[in-house]
>>> print(open('data34.cif').read())   # mmCIF, C-alpha atoms
data_structure
loop_
_atom_site.group_PDB
_atom_site.id
_atom_site.type_symbol
_atom_site.label_atom_id
_atom_site.label_comp_id
_atom_site.auth_asym_id
_atom_site.auth_seq_id
_atom_site.Cartn_x
_atom_site.Cartn_y
_atom_site.Cartn_z
ATOM 1 C CA MET A 1 -24.325 -0.888 53.870
ATOM 2 C CA ASN A 2 -26.888 -3.097 52.117
ATOM 3 C CA HIS A 3 -27.176 -0.534 49.317
ATOM 4 C CA LEU A 4 -23.401 -0.538 48.865
ATOM 5 C CA PHE A 5 -23.340 -4.334 48.822
ATOM 6 C CA ASP A 6 -26.127 -4.407 46.211
ATOM 7 C CA LEU A 7 -24.283 -1.846 44.105
ATOM 8 C CA ILE A 8 -21.054 -3.872 44.178
ATOM 9 C CA LYS A 9 -22.991 -7.029 43.406
ATOM 10 C CA ASN A 10 -24.715 -5.359 40.428
ATOM 11 C CA ILE A 11 -21.412 -4.037 39.096
ATOM 12 C CA PHE A 12 -19.825 -7.468 39.455
ATOM 13 C CA THR A 13 -22.782 -9.095 37.685
ATOM 14 C CA PHE A 14 -22.559 -6.539 34.893
ATOM 15 C CA VAL A 15 -18.818 -7.081 34.420
ATOM 16 C CA VAL A 16 -19.300 -10.858 34.339
ATOM 17 C CA LEU A 17 -22.039 -10.429 31.736
ATOM 18 C CA ILE A 18 -19.842 -8.211 29.579
ATOM 19 C CA CYS A 19 -16.981 -10.706 29.854
ATOM 20 C CA LYS A 20 -19.271 -13.495 28.695
ATOM 21 C CA ILE A 21 -20.445 -11.424 25.736
ATOM 22 C CA ILE A 22 -16.870 -10.548 24.738
ATOM 23 C CA ASN A 23 -15.803 -14.195 25.025
ATOM 24 C CA ARG A 24 -18.810 -15.224 22.953
ATOM 25 C CA MET A 25 -17.957 -12.560 20.415
ATOM 26 C CA TYR A 26 -14.418 -13.904 19.925
ATOM 27 C CA ASN A 27 -15.733 -17.488 19.771
ATOM 28 C CA ILE A 28 -18.187 -16.599 16.991
ATOM 29 C CA LEU A 29 -16.302 -13.896 15.108
ATOM 30 C CA SER A 30 -12.676 -13.764 14.092
ATOM 31 C CA GLN A 31 -10.579 -10.770 15.106
ATOM 32 C CA LYS A 32 -10.694 -9.603 11.483
ATOM 33 C CA GLN A 33 -14.500 -9.874 11.346
ATOM 34 C CA ILE A 34 -14.795 -7.842 14.549
ATOM 35 C CA GLY A 35 -12.587 -5.142 13.050
ATOM 36 C CA GLN A 36 -14.592 -5.104 9.823
ATOM 37 C CA ARG A 37 -17.862 -4.715 11.719
ATOM 38 C CA ILE A 38 -16.492 -1.852 13.789
ATOM 39 C CA ALA A 39 -15.244 -0.139 10.616
ATOM 40 C CA GLU A 40 -18.611 -0.541 8.889
ATOM 41 C CA LEU A 41 -20.511 0.798 11.900
ATOM 42 C CA ARG A 42 -18.154 3.757 12.177
ATOM 43 C CA LYS A 43 -18.735 4.623 8.527
ATOM 44 C CA MET A 44 -22.493 4.254 8.948
ATOM 45 C CA LYS A 45 -22.336 6.803 11.758
ATOM 46 C CA GLY A 46 -20.355 9.159 9.532
ATOM 47 C CA LEU A 47 -17.331 9.204 11.846
ATOM 48 C CA SER A 48 -13.736 9.360 10.703
ATOM 49 C CA GLN A 49 -11.139 7.154 12.372
ATOM 50 C CA GLU A 50 -9.701 10.215 14.087
ATOM 51 C CA GLU A 51 -13.116 11.162 15.545
ATOM 52 C CA LEU A 52 -13.902 7.670 16.849
ATOM 53 C CA ALA A 53 -10.389 7.229 18.264
ATOM 54 C CA LYS A 54 -10.740 10.472 20.245
ATOM 55 C CA LYS A 55 -14.158 9.501 21.573
ATOM 56 C CA ILE A 56 -12.947 6.127 22.877
ATOM 57 C CA LYS A 57 -9.580 7.577 23.989
ATOM 58 C CA ILE A 58 -7.182 5.469 21.926
ATOM 59 C CA SER A 59 -4.759 6.499 19.174
ATOM 60 C CA ARG A 60 -5.825 6.474 15.544
ATOM 61 C CA PRO A 61 -3.108 3.918 14.644
ATOM 62 C CA SER A 62 -4.536 1.608 17.346
ATOM 63 C CA LEU A 63 -8.019 1.955 15.858
ATOM 64 C CA THR A 64 -6.600 1.273 12.401
ATOM 65 C CA GLN A 65 -5.036 -1.953 13.678
ATOM 66 C CA ILE A 66 -8.350 -2.952 15.290
ATOM 67 C CA GLU A 67 -10.282 -2.349 12.057
ATOM 68 C CA LEU A 68 -7.696 -4.304 10.059
ATOM 69 C CA GLY A 69 -7.999 -7.214 12.487
ATOM 70 C CA ASN A 70 -4.408 -6.939 13.652
ATOM 71 C CA ARG A 71 -5.279 -5.971 17.235
ATOM 72 C CA SER A 72 -7.852 -7.339 19.672
ATOM 73 C CA VAL A 73 -10.353 -5.150 21.524
ATOM 74 C CA ASP A 74 -10.542 -5.335 25.298
ATOM 75 C CA ILE A 75 -13.743 -5.118 27.358
ATOM 76 C CA ILE A 76 -13.479 -1.430 28.227
ATOM 77 C CA GLU A 77 -12.697 -0.431 24.639
ATOM 78 C CA MET A 78 -15.593 -2.500 23.302
ATOM 79 C CA GLN A 79 -17.985 -0.884 25.772
ATOM 80 C CA LYS A 80 -16.879 2.586 24.701
ATOM 81 C CA ILE A 81 -17.171 1.675 21.013
ATOM 82 C CA SER A 82 -20.670 0.268 21.509
ATOM 83 C CA ARG A 83 -21.759 3.443 23.331
ATOM 84 C CA VAL A 84 -20.348 5.797 20.694
ATOM 85 C CA LEU A 85 -21.599 3.797 17.697
ATOM 86 C CA GLY A 86 -24.894 2.896 19.384
ATOM 87 C CA PHE A 87 -25.083 -0.868 19.168
ATOM 88 C CA SER A 88 -25.786 -3.705 21.569
ATOM 89 C CA LEU A 89 -22.840 -5.958 22.371
ATOM 90 C CA ASP A 90 -25.176 -8.939 22.351
ATOM 91 C CA ASP A 91 -26.514 -8.040 18.906
ATOM 92 C CA PHE A 92 -23.024 -7.340 17.575
ATOM 93 C CA VAL A 93 -22.250 -11.061 17.226
ATOM 94 C CA SER A 94 -25.477 -11.835 15.361
ATOM 95 C CA GLU A 95 -25.198 -12.957 11.731
ATOM 96 C CA GLU A 96 -28.159 -10.698 10.902
ATOM 97 C CA PHE A 97 -26.640 -7.698 12.702
ATOM 98 C CA PHE A 98 -26.072 -5.570 9.601
ATOM 99 C CA ALA A 99 -29.491 -6.431 8.182
ATOM 100 C CA VAL A 100 -31.093 -4.087 10.727
ATOM 101 C CA GLN A 101 -28.574 -1.273 10.378
ATOM 102 C CA GLU A 102 -29.552 1.753 8.331
ATOM 103 C CA PRO A 103 -27.500 2.033 5.146
ATOM 104 C CA THR A 104 -25.521 5.177 4.382
ATOM 105 C CA LEU A 105 -23.424 6.498 1.539
ATOM 106 C CA ASN A 106 -20.960 8.201 3.850
ATOM 107 C CA TYR A 107 -18.085 5.783 3.443
ATOM 108 C CA GLU A 108 -14.548 6.884 4.205
ATOM 109 C CA LYS A 109 -12.486 6.758 1.036
ATOM 110 C CA ALA A 110 -14.784 4.198 -0.579
ATOM 111 C CA PRO A 111 -13.714 3.471 -4.178
ATOM 112 C CA LYS A 112 -16.303 3.682 -6.971
ATOM 113 C CA TYR A 113 -15.660 0.086 -7.873
ATOM 114 C CA GLN A 114 -14.291 -2.982 -6.165
ATOM 115 C CA LYS A 115 -11.685 -5.158 -7.768
ATOM 116 C CA GLU A 116 -9.571 -7.988 -6.502
ATOM 117 C CA ARG A 117 -6.068 -6.880 -5.616
ATOM 118 C CA ILE A 118 -2.989 -8.740 -4.497
ATOM 119 C CA SER A 119 -2.166 -7.298 -1.078
ATOM 120 C CA GLU A 120 0.732 -9.642 -0.334
ATOM 121 C CA PRO A 121 3.881 -8.160 -1.875
ATOM 122 C CA LEU A 122 5.972 -10.378 -4.125
ATOM 123 C CA LEU A 123 9.348 -8.858 -4.956
ATOM 124 C CA GLN A 124 10.046 -8.289 -8.653
ATOM 125 C CA LEU A 125 13.810 -8.196 -8.295
ATOM 126 C CA ASP A 126 14.744 -6.921 -11.757
ATOM 127 C CA LYS A 127 12.097 -4.213 -11.553
ATOM 128 C CA PHE A 128 13.271 -3.174 -8.087
ATOM 129 C CA LYS A 129 16.850 -2.829 -9.392
ATOM 130 C CA ASN A 130 15.666 -0.880 -12.437
ATOM 131 C CA ILE A 131 13.639 1.561 -10.330
ATOM 132 C CA LEU A 132 16.493 1.995 -7.857
ATOM 133 C CA LEU A 133 18.744 2.914 -10.799
ATOM 134 C CA TYR A 134 16.114 5.297 -12.163
ATOM 135 C CA ILE A 135 15.807 7.125 -8.832
ATOM 136 C CA LEU A 136 19.589 7.434 -8.609
ATOM 137 C CA GLU A 137 19.718 8.779 -12.177
ATOM 138 C CA ARG A 138 17.054 11.358 -11.325
ATOM 139 C CA CYS A 139 19.011 12.355 -8.207
ATOM 140 C CA ALA A 140 22.426 12.308 -9.854
ATOM 141 C CA GLY A 141 24.794 14.744 -8.191
ATOM 142 C CA LYS A 142 22.515 15.511 -5.245
ATOM 143 C CA PRO A 143 24.744 15.304 -2.145
ATOM 144 C CA ASN A 144 21.771 14.706 0.185
ATOM 145 C CA VAL A 145 20.779 11.367 -1.397
ATOM 146 C CA GLY A 146 22.496 8.803 0.760
ATOM 147 C CA GLU A 147 21.109 5.436 1.846
ATOM 148 C CA THR A 148 18.421 6.903 4.132
ATOM 149 C CA VAL A 149 16.970 9.240 1.511
ATOM 150 C CA LEU A 150 17.189 6.559 -1.205
ATOM 151 C CA TYR A 151 15.258 4.012 0.877
ATOM 152 C CA LYS A 152 12.514 6.538 1.657
ATOM 153 C CA LEU A 153 12.172 7.519 -2.011
ATOM 154 C CA LEU A 154 11.743 3.821 -2.821
ATOM 155 C CA TYR A 155 9.196 3.435 -0.016
ATOM 156 C CA PHE A 156 7.034 6.378 -1.063
ATOM 157 C CA SER A 157 7.214 5.295 -4.724
ATOM 158 C CA ASP A 158 5.999 1.803 -3.785
ATOM 159 C CA PHE A 159 3.270 2.845 -1.349
ATOM 160 C CA ASN A 160 2.029 5.788 -3.415
ATOM 161 C CA TYR A 161 1.697 3.546 -6.449
ATOM 162 C CA TYR A 162 -0.190 0.937 -4.424
ATOM 163 C CA GLU A 163 -2.597 3.531 -3.021
ATOM 164 C CA LEU A 164 -3.267 4.904 -6.503
ATOM 165 C CA TYR A 165 -3.560 1.726 -8.559
ATOM 166 C CA GLU A 166 -4.073 -1.064 -6.002
ATOM 167 C CA GLU A 167 -1.143 -2.903 -7.591
ATOM 168 C CA HIS A 168 2.436 -3.341 -6.446
ATOM 169 C CA LEU A 169 5.186 -1.356 -8.122
ATOM 170 C CA THR A 170 8.253 -3.404 -7.118
ATOM 171 C CA GLY A 171 6.584 -5.767 -4.645
ATOM 172 C CA ALA A 172 9.315 -5.009 -2.107
ATOM 173 C CA ALA A 173 8.498 -5.630 1.548
ATOM 174 C CA TYR A 174 9.363 -2.783 3.930
ATOM 175 C CA ARG A 175 10.116 -3.008 7.629
ATOM 176 C CA LYS A 176 9.595 -0.377 10.309
ATOM 177 C CA LEU A 177 13.066 0.497 11.539
ATOM 178 C CA PRO A 178 14.215 3.435 13.722
ATOM 179 C CA TYR A 179 15.150 5.719 10.800
ATOM 180 C CA GLY A 180 12.046 4.928 8.784
ATOM 181 C CA PRO A 181 10.852 2.197 6.409
ATOM 182 C CA VAL A 182 13.607 0.134 4.791
ATOM 183 C CA PRO A 183 13.236 -2.421 1.957
ATOM 184 C CA HIS A 184 13.715 -5.989 3.141
ATOM 185 C CA ASN A 185 17.056 -7.550 2.079
ATOM 186 C CA VAL A 186 18.107 -4.289 0.404
ATOM 187 C CA ASP A 187 21.754 -4.757 1.465
ATOM 188 C CA ALA A 188 21.945 -8.095 -0.324
ATOM 189 C CA ILE A 189 20.309 -6.631 -3.446
ATOM 190 C CA ILE A 190 22.681 -3.659 -3.522
ATOM 191 C CA ASN A 191 25.725 -5.901 -2.989
ATOM 192 C CA GLN A 192 24.567 -8.011 -5.918
ATOM 193 C CA MET A 193 24.239 -4.880 -8.072
ATOM 194 C CA ILE A 194 27.737 -3.759 -7.038
ATOM 195 C CA ASN A 195 29.170 -7.187 -7.958
ATOM 196 C CA ASP A 196 27.370 -6.948 -11.309
ATOM 197 C CA LYS A 197 28.944 -3.502 -11.935
ATOM 198 C CA GLN A 198 25.560 -1.784 -11.864
ATOM 199 C CA LEU A 199 26.300 0.365 -8.803
ATOM 200 C CA GLN A 200 29.266 1.904 -7.053
ATOM 201 C CA ARG A 201 29.260 2.452 -3.293
ATOM 202 C CA VAL A 202 30.824 5.716 -2.097
ATOM 203 C CA LYS A 203 31.494 6.594 1.545
ATOM 204 C CA THR A 204 31.687 10.296 2.251
ATOM 205 C CA ASP A 205 30.716 13.030 4.735
ATOM 206 C CA TYR A 206 27.605 15.177 4.518
ATOM 207 C CA HIS A 207 27.466 18.182 6.836
ATOM 208 C CA GLY A 208 29.888 16.473 9.185
ATOM 209 C CA TYR A 209 28.064 13.114 9.261
ATOM 210 C CA PRO A 210 29.224 9.875 7.574
ATOM 211 C CA GLN A 211 27.169 9.039 4.511
ATOM 212 C CA VAL A 212 26.919 6.068 2.166
ATOM 213 C CA ARG A 213 25.914 6.932 -1.392
ATOM 214 C CA TYR A 214 25.401 4.880 -4.534
ATOM 215 C CA LEU A 215 26.298 5.917 -8.049
ATOM 216 C CA PRO A 216 24.597 4.237 -11.038
ATOM 217 C CA LEU A 217 27.054 2.628 -13.486
ATOM 218 C CA VAL A 218 24.445 1.491 -16.022
ATOM 219 C CA LYS A 219 21.419 3.160 -17.608
ATOM 220 C CA THR A 220 17.854 2.451 -16.578
ATOM 221 C CA ASP A 221 15.830 0.424 -19.064
ATOM 222 C CA LEU A 222 12.908 2.850 -19.412
ATOM 223 C CA THR A 223 11.060 0.455 -21.721
ATOM 224 C CA ARG A 224 10.378 -1.684 -18.651
ATOM 225 C CA LEU A 225 8.543 1.129 -16.832
ATOM 226 C CA LYS A 226 4.912 1.924 -17.568
ATOM 227 C CA ALA A 227 4.001 5.584 -17.941
ATOM 228 C CA SER A 228 1.994 5.439 -14.700
ATOM 229 C CA GLU A 229 4.943 3.921 -12.826
ATOM 230 C CA LYS A 230 7.387 6.511 -14.103
ATOM 231 C CA ASP A 231 4.931 9.298 -13.264
ATOM 232 C CA VAL A 232 4.579 8.197 -9.625
ATOM 233 C CA ILE A 233 8.356 7.889 -9.170
ATOM 234 C CA ASP A 234 8.928 11.284 -10.825
ATOM 235 C CA ARG A 235 6.442 12.945 -8.468
ATOM 236 C CA VAL A 236 8.081 11.409 -5.414
ATOM 237 C CA VAL A 237 11.547 12.528 -6.539
ATOM 238 C CA GLU A 238 10.311 16.028 -7.390
ATOM 239 C CA HIS A 239 8.597 16.317 -4.013
ATOM 240 C CA MET A 240 11.237 14.816 -1.728
ATOM 241 C CA GLY A 241 14.420 14.474 -3.766
ATOM 242 C CA ASP A 242 16.047 17.519 -2.165
ATOM 243 C CA TRP A 243 15.126 16.636 1.417
ATOM 244 C CA SER A 244 17.752 15.750 3.997
ATOM 245 C CA ALA A 245 17.850 12.346 5.678
ATOM 246 C CA VAL A 246 16.454 13.875 8.882
ATOM 247 C CA THR A 247 13.578 15.617 7.080
ATOM 248 C CA ILE A 248 12.465 12.645 4.993
ATOM 249 C CA SER A 249 12.801 10.216 7.944
ATOM 250 C CA SER A 250 10.700 12.511 10.126
ATOM 251 C CA TYR A 251 8.106 12.777 7.354
ATOM 252 C CA SER A 252 7.911 8.998 6.913
ATOM 253 C CA HIS A 253 7.295 8.621 10.657
ATOM 254 C CA LYS A 254 4.017 10.537 10.258
ATOM 255 C CA ASP A 255 2.723 8.367 7.416
ATOM 256 C CA MET A 256 -0.115 6.052 8.503
ATOM 257 C CA PRO A 257 1.535 2.810 7.268
ATOM 258 C CA TRP A 258 4.485 3.618 9.549
ATOM 259 C CA LEU A 259 2.364 4.798 12.495
ATOM 260 C CA ALA A 260 0.139 1.722 12.496
ATOM 261 C CA SER A 261 3.002 -0.797 12.263
ATOM 262 C CA LYS A 262 5.041 -2.361 15.042
ATOM 263 C CA GLU A 263 8.772 -1.767 15.399
ATOM 264 C CA GLY A 264 10.778 -4.236 13.319
ATOM 265 C CA GLU A 265 7.740 -5.740 11.592
ATOM 266 C CA GLU A 266 6.706 -5.631 7.956
ATOM 267 C CA ILE A 267 4.555 -2.653 6.958
ATOM 268 C CA ASN A 268 1.197 -3.653 5.484
ATOM 269 C CA TYR A 269 0.549 -2.064 2.067
ATOM 270 C CA GLU A 270 -3.197 -1.961 2.851
ATOM 271 C CA LEU A 271 -2.472 0.780 5.390
ATOM 272 C CA ALA A 272 -1.921 3.146 2.446
ATOM 273 C CA PHE A 273 -5.717 3.379 2.128
ATOM 274 C CA TYR A 274 -5.935 4.843 5.651
ATOM 275 C CA ARG A 275 -3.761 7.817 4.794
ATOM 276 C CA GLU A 276 -4.926 11.393 5.091
ATOM 277 C CA PRO A 277 -3.459 14.567 3.543
ATOM 278 C CA PRO A 278 -0.699 15.426 2.936
ATOM 279 C CA PHE A 279 0.311 11.770 2.614
ATOM 280 C CA SER A 280 -2.628 10.470 0.604
ATOM 281 C CA VAL A 281 -1.983 10.693 -3.142
ATOM 282 C CA ARG A 282 -5.298 9.340 -4.372
ATOM 283 C CA ASN A 283 -8.205 11.621 -5.198
ATOM 284 C CA TYR A 284 -11.106 9.601 -3.838
ATOM 285 C CA GLY A 285 -13.573 11.995 -5.370
ATOM 286 C CA ASP A 286 -12.300 11.231 -8.872
ATOM 287 C CA GLU A 287 -10.579 7.891 -9.316
ATOM 288 C CA SER A 288 -9.120 8.914 -12.665
ATOM 289 C CA GLU A 289 -6.901 11.691 -11.363
ATOM 290 C CA LEU A 290 -3.764 11.863 -9.286
ATOM 291 C CA LYS A 291 -3.953 14.310 -6.457
#
>>> encode(input="data34.cif", output="structure tokens")
Amino acid sequence: MNHLFDLIKNIFTFVVLICKIINRMYNILSQKQIGQRIAELRKMKGLSQEELAKKIKISRPSLTQIELGNRSVDIIEMQKISRVLGFSLDDFVSEEFFAVQEPTLNYEKAPKYQKERISEPLLQLDKFKNILLYILERCAGKPNVGETVLYKLLYFSDFNYYELYEEHLTGAAYRKLPYGPVPHNVDAIINQMINDKQLQRVKTDYHGYPQVRYLPLVKTDLTRLKASEKDVIDRVVEHMGDWSAVTISSYSHKDMPWLASKEGEEINYELAFYREPPFSVRNYGDESELK
């Protein structure tokens, strides 16, 4: 009985100690700093996100959110992470923590150079309209391209361009909705284009289902598109332009930016850098080429 009591007492003492360390950690480090440290340690150990997530028994999207600083880490998760990555929880909060870690070149998708990028999207309305028109021109006559397919083609054009060039294409914000990512305020933008005689809305049936399509009434101003922008859009249309709404929605649901976002919330463009094939479009072995 005394042994059992001592065991319970030791476990309780240990849990209290861990709680104090975790509380101290969050008092000293921000949630984002904690995520950054975990990401750096994971890379130093040569583990992918998928490998670490499996070892600590959480989903990869959850680990992505932790590393981005969008999700807190509970006591049990932190214990598992410290065991797998081999660090002391007490040392983890130290300012000199990384000074004693062994450096490694095994960084996951580390670019050859660092440059400042604007991660907060700022909508370029005229450019968004121009690109929407260009996609519709490229898909002219395709009966599958209703609203759902159009919105996904816009999404993949925007996020593929951001992953490749670390710059926004249209700057549109996208939200995670049940049928996939949808540009914020797209209905208002399209209504404005219809009023300006740039688009025509057509309601029809496609394989027995109601469908809303848009027909371009004016030409795209190609002089306002850079060659790199046009190339990314062309590749998206060539790849997915013939897909059905069900197929392209299902595909978008497997993309990391979608997986790691919460229902109804804005999708963070930075999540594009956590993609893996077949979604990733950037060749991280050669920054000058498109995959």
>>> atom_distance(input="data34.cif", atom1="CA of Gln124 (chain A)", atom2="CA of Ala172 (chain A)")
7.4 Å
>>> residues_around(input="data34.cif", residues="Ser59 (chain A)", least_positions_apart="5", cutoff="12 Å", atoms="only C-alpha atoms", output="list of chain:residue names")
A:Gln49, A:Glu50, A:Glu51, A:Leu52, A:Ala53, A:Lys54, A:Thr64, A:Gln65, A:Ile66, A:Glu77, A:Met256, A:Leu259, A:Ala260
>>> atom_distance(input="data34.cif", atom1="CA of Met78 (chain A)", atom2="CA of Ile267 (chain A)")
25.9 Å
>>> closest_residue(input="data34.cif", among="A:Leu217, A:Leu123, A:Ala272, A:Ile34", to="Val186 (chain A)", atoms="all atoms listed in the file")
A:Leu123
>>> residues_around(input="data34.cif", residues="region 202-206 of chain A", least_positions_apart="5", cutoff="10 Å", atoms="only C-alpha atoms", output="VMD selection string")
chain A and resid 143 to 146 211 to 215 244
>>> residues_around(input="data34.cif", residues="Thr223 (chain A)", least_positions_apart="4", cutoff="12 Å", atoms="only C-alpha atoms", output="PyMOL selection string")
chain A and resi 127+130-131+134+219+227+229-230
>>> write_last_selection(input="data34.cif", atoms="C-alpha atoms", output="PDB file, in the frame of the given file")
ATOM      1  CA  LYS A 127      12.097  -4.213 -11.553  1.00  0.00           C
ATOM      2  CA  ASN A 130      15.666  -0.880 -12.437  1.00  0.00           C
ATOM      3  CA  ILE A 131      13.639   1.561 -10.330  1.00  0.00           C
ATOM      4  CA  TYR A 134      16.114   5.297 -12.163  1.00  0.00           C
ATOM      5  CA  LYS A 219      21.419   3.160 -17.608  1.00  0.00           C
ATOM      6  CA  ALA A 227       4.001   5.584 -17.941  1.00  0.00           C
ATOM      7  CA  GLU A 229       4.943   3.921 -12.826  1.00  0.00           C
ATOM      8  CA  LYS A 230       7.387   6.511 -14.103  1.00  0.00           C
TER       9      LYS A 230
END
>>> residues_near_point(input="data34.cif", point="(16.3, 4.0, -12.4)", cutoff="8 Å", atoms="all atoms listed in the file", output="list of chain:residue names")
A:Lys129, A:Asn130, A:Ile131, A:Leu132, A:Leu133, A:Tyr134, A:Ile135, A:Leu136, A:Glu137, A:Arg138, A:Lys219, A:Thr220, A:Asp221, A:Leu222
>>> atom_distance(input="data34.cif", atom1="CA of Asn283 (chain A)", atom2="CA of Asp255 (chain A)")
17.0 Å
>>> residues_near_point(input="data34.cif", point="(-6.8, -6.7, 13.3)", cutoff="10 Å", atoms="only C-alpha atoms", output="list in words")
Ser30, Gln31, Lys32, Gln33, Ile34, Gly35, Gln36, Ser62, Leu63, Thr64, Gln65, Ile66, Glu67, Leu68, Gly69, Asn70, Arg71, Ser72 and Val73 of chain A
>>> closest_residue(input="data34.cif", among="A:Tyr269, A:His168, A:Val237, A:Asp231", to="Ala140 (chain A)", atoms="only C-alpha atoms")
A:Val237
>>> closest_residue(input="data34.cif", among="A:Leu271, A:Glu263, A:Gln198, A:Phe92", to="Leu29 (chain A)", atoms="only C-alpha atoms")
A:Phe92
>>> residues_around(input="data34.cif", residues="region 147-149 of chain A", least_positions_apart="6", cutoff="10 Å", atoms="all atoms listed in the file", output="ChimeraX atom specification")
/A:155,179-182,211-214,240-249
>>> write_last_selection(input="data34.cif", atoms="C-alpha atoms", output="PDB file, in the coordinates of the input")
ATOM      1  CA  TYR A 155       9.196   3.435  -0.016  1.00  0.00           C
ATOM      2  CA  TYR A 179      15.150   5.719  10.800  1.00  0.00           C
ATOM      3  CA  GLY A 180      12.046   4.928   8.784  1.00  0.00           C
ATOM      4  CA  PRO A 181      10.852   2.197   6.409  1.00  0.00           C
ATOM      5  CA  VAL A 182      13.607   0.134   4.791  1.00  0.00           C
ATOM      6  CA  GLN A 211      27.169   9.039   4.511  1.00  0.00           C
ATOM      7  CA  VAL A 212      26.919   6.068   2.166  1.00  0.00           C
ATOM      8  CA  ARG A 213      25.914   6.932  -1.392  1.00  0.00           C
ATOM      9  CA  TYR A 214      25.401   4.880  -4.534  1.00  0.00           C
ATOM     10  CA  MET A 240      11.237  14.816  -1.728  1.00  0.00           C
ATOM     11  CA  GLY A 241      14.420  14.474  -3.766  1.00  0.00           C
ATOM     12  CA  ASP A 242      16.047  17.519  -2.165  1.00  0.00           C
ATOM     13  CA  TRP A 243      15.126  16.636   1.417  1.00  0.00           C
ATOM     14  CA  SER A 244      17.752  15.750   3.997  1.00  0.00           C
ATOM     15  CA  ALA A 245      17.850  12.346   5.678  1.00  0.00           C
ATOM     16  CA  VAL A 246      16.454  13.875   8.882  1.00  0.00           C
ATOM     17  CA  THR A 247      13.578  15.617   7.080  1.00  0.00           C
ATOM     18  CA  ILE A 248      12.465  12.645   4.993  1.00  0.00           C
ATOM     19  CA  SER A 249      12.801  10.216   7.944  1.00  0.00           C
TER      20      SER A 249
END
>>> closest_residue(input="data34.cif", among="A:Asp91, A:Ile76, A:Ala39, A:Glu167", to="Ser228 (chain A)", atoms="only C-alpha atoms")
A:Glu167
>>> resolve_selection(input="data34.cif", expression="the PyMOL selection byres ((chain A and resi 279) around 12)", output="list in words")
Phe156, Ser157, Phe159, Asn160, Glu163, Leu164, Val236, His239, Tyr251, Ser252, His253, Lys254, Asp255, Met256, Pro257, Trp258, Leu271, Ala272, Phe273, Tyr274, Arg275, Glu276, Pro277, Pro278, Ser280, Val281, Arg282, Asn283 and Lys291 of chain A
>>> axis_aligned_box(input="data34.cif", around="region 217-226 of chain A", padding_each_side="5 Å", output="AutoDock Vina command-line options")
--center_x 16.0 --center_y 0.7 --center_z -17.6 --size_x 32.1 --size_y 14.8 --size_z 18.2
>>> residues_around(input="data34.cif", residues="Lys262 (chain A)", least_positions_apart="6", cutoff="10 Å", atoms="all atoms listed in the file", output="ChimeraX atom specification")
/A:175-177
>>> closest_residue(input="data34.cif", among="A:Arg60, A:His184, A:Lys45, A:Arg37", to="Gly264 (chain A)", atoms="all atoms listed in the file")
A:His184
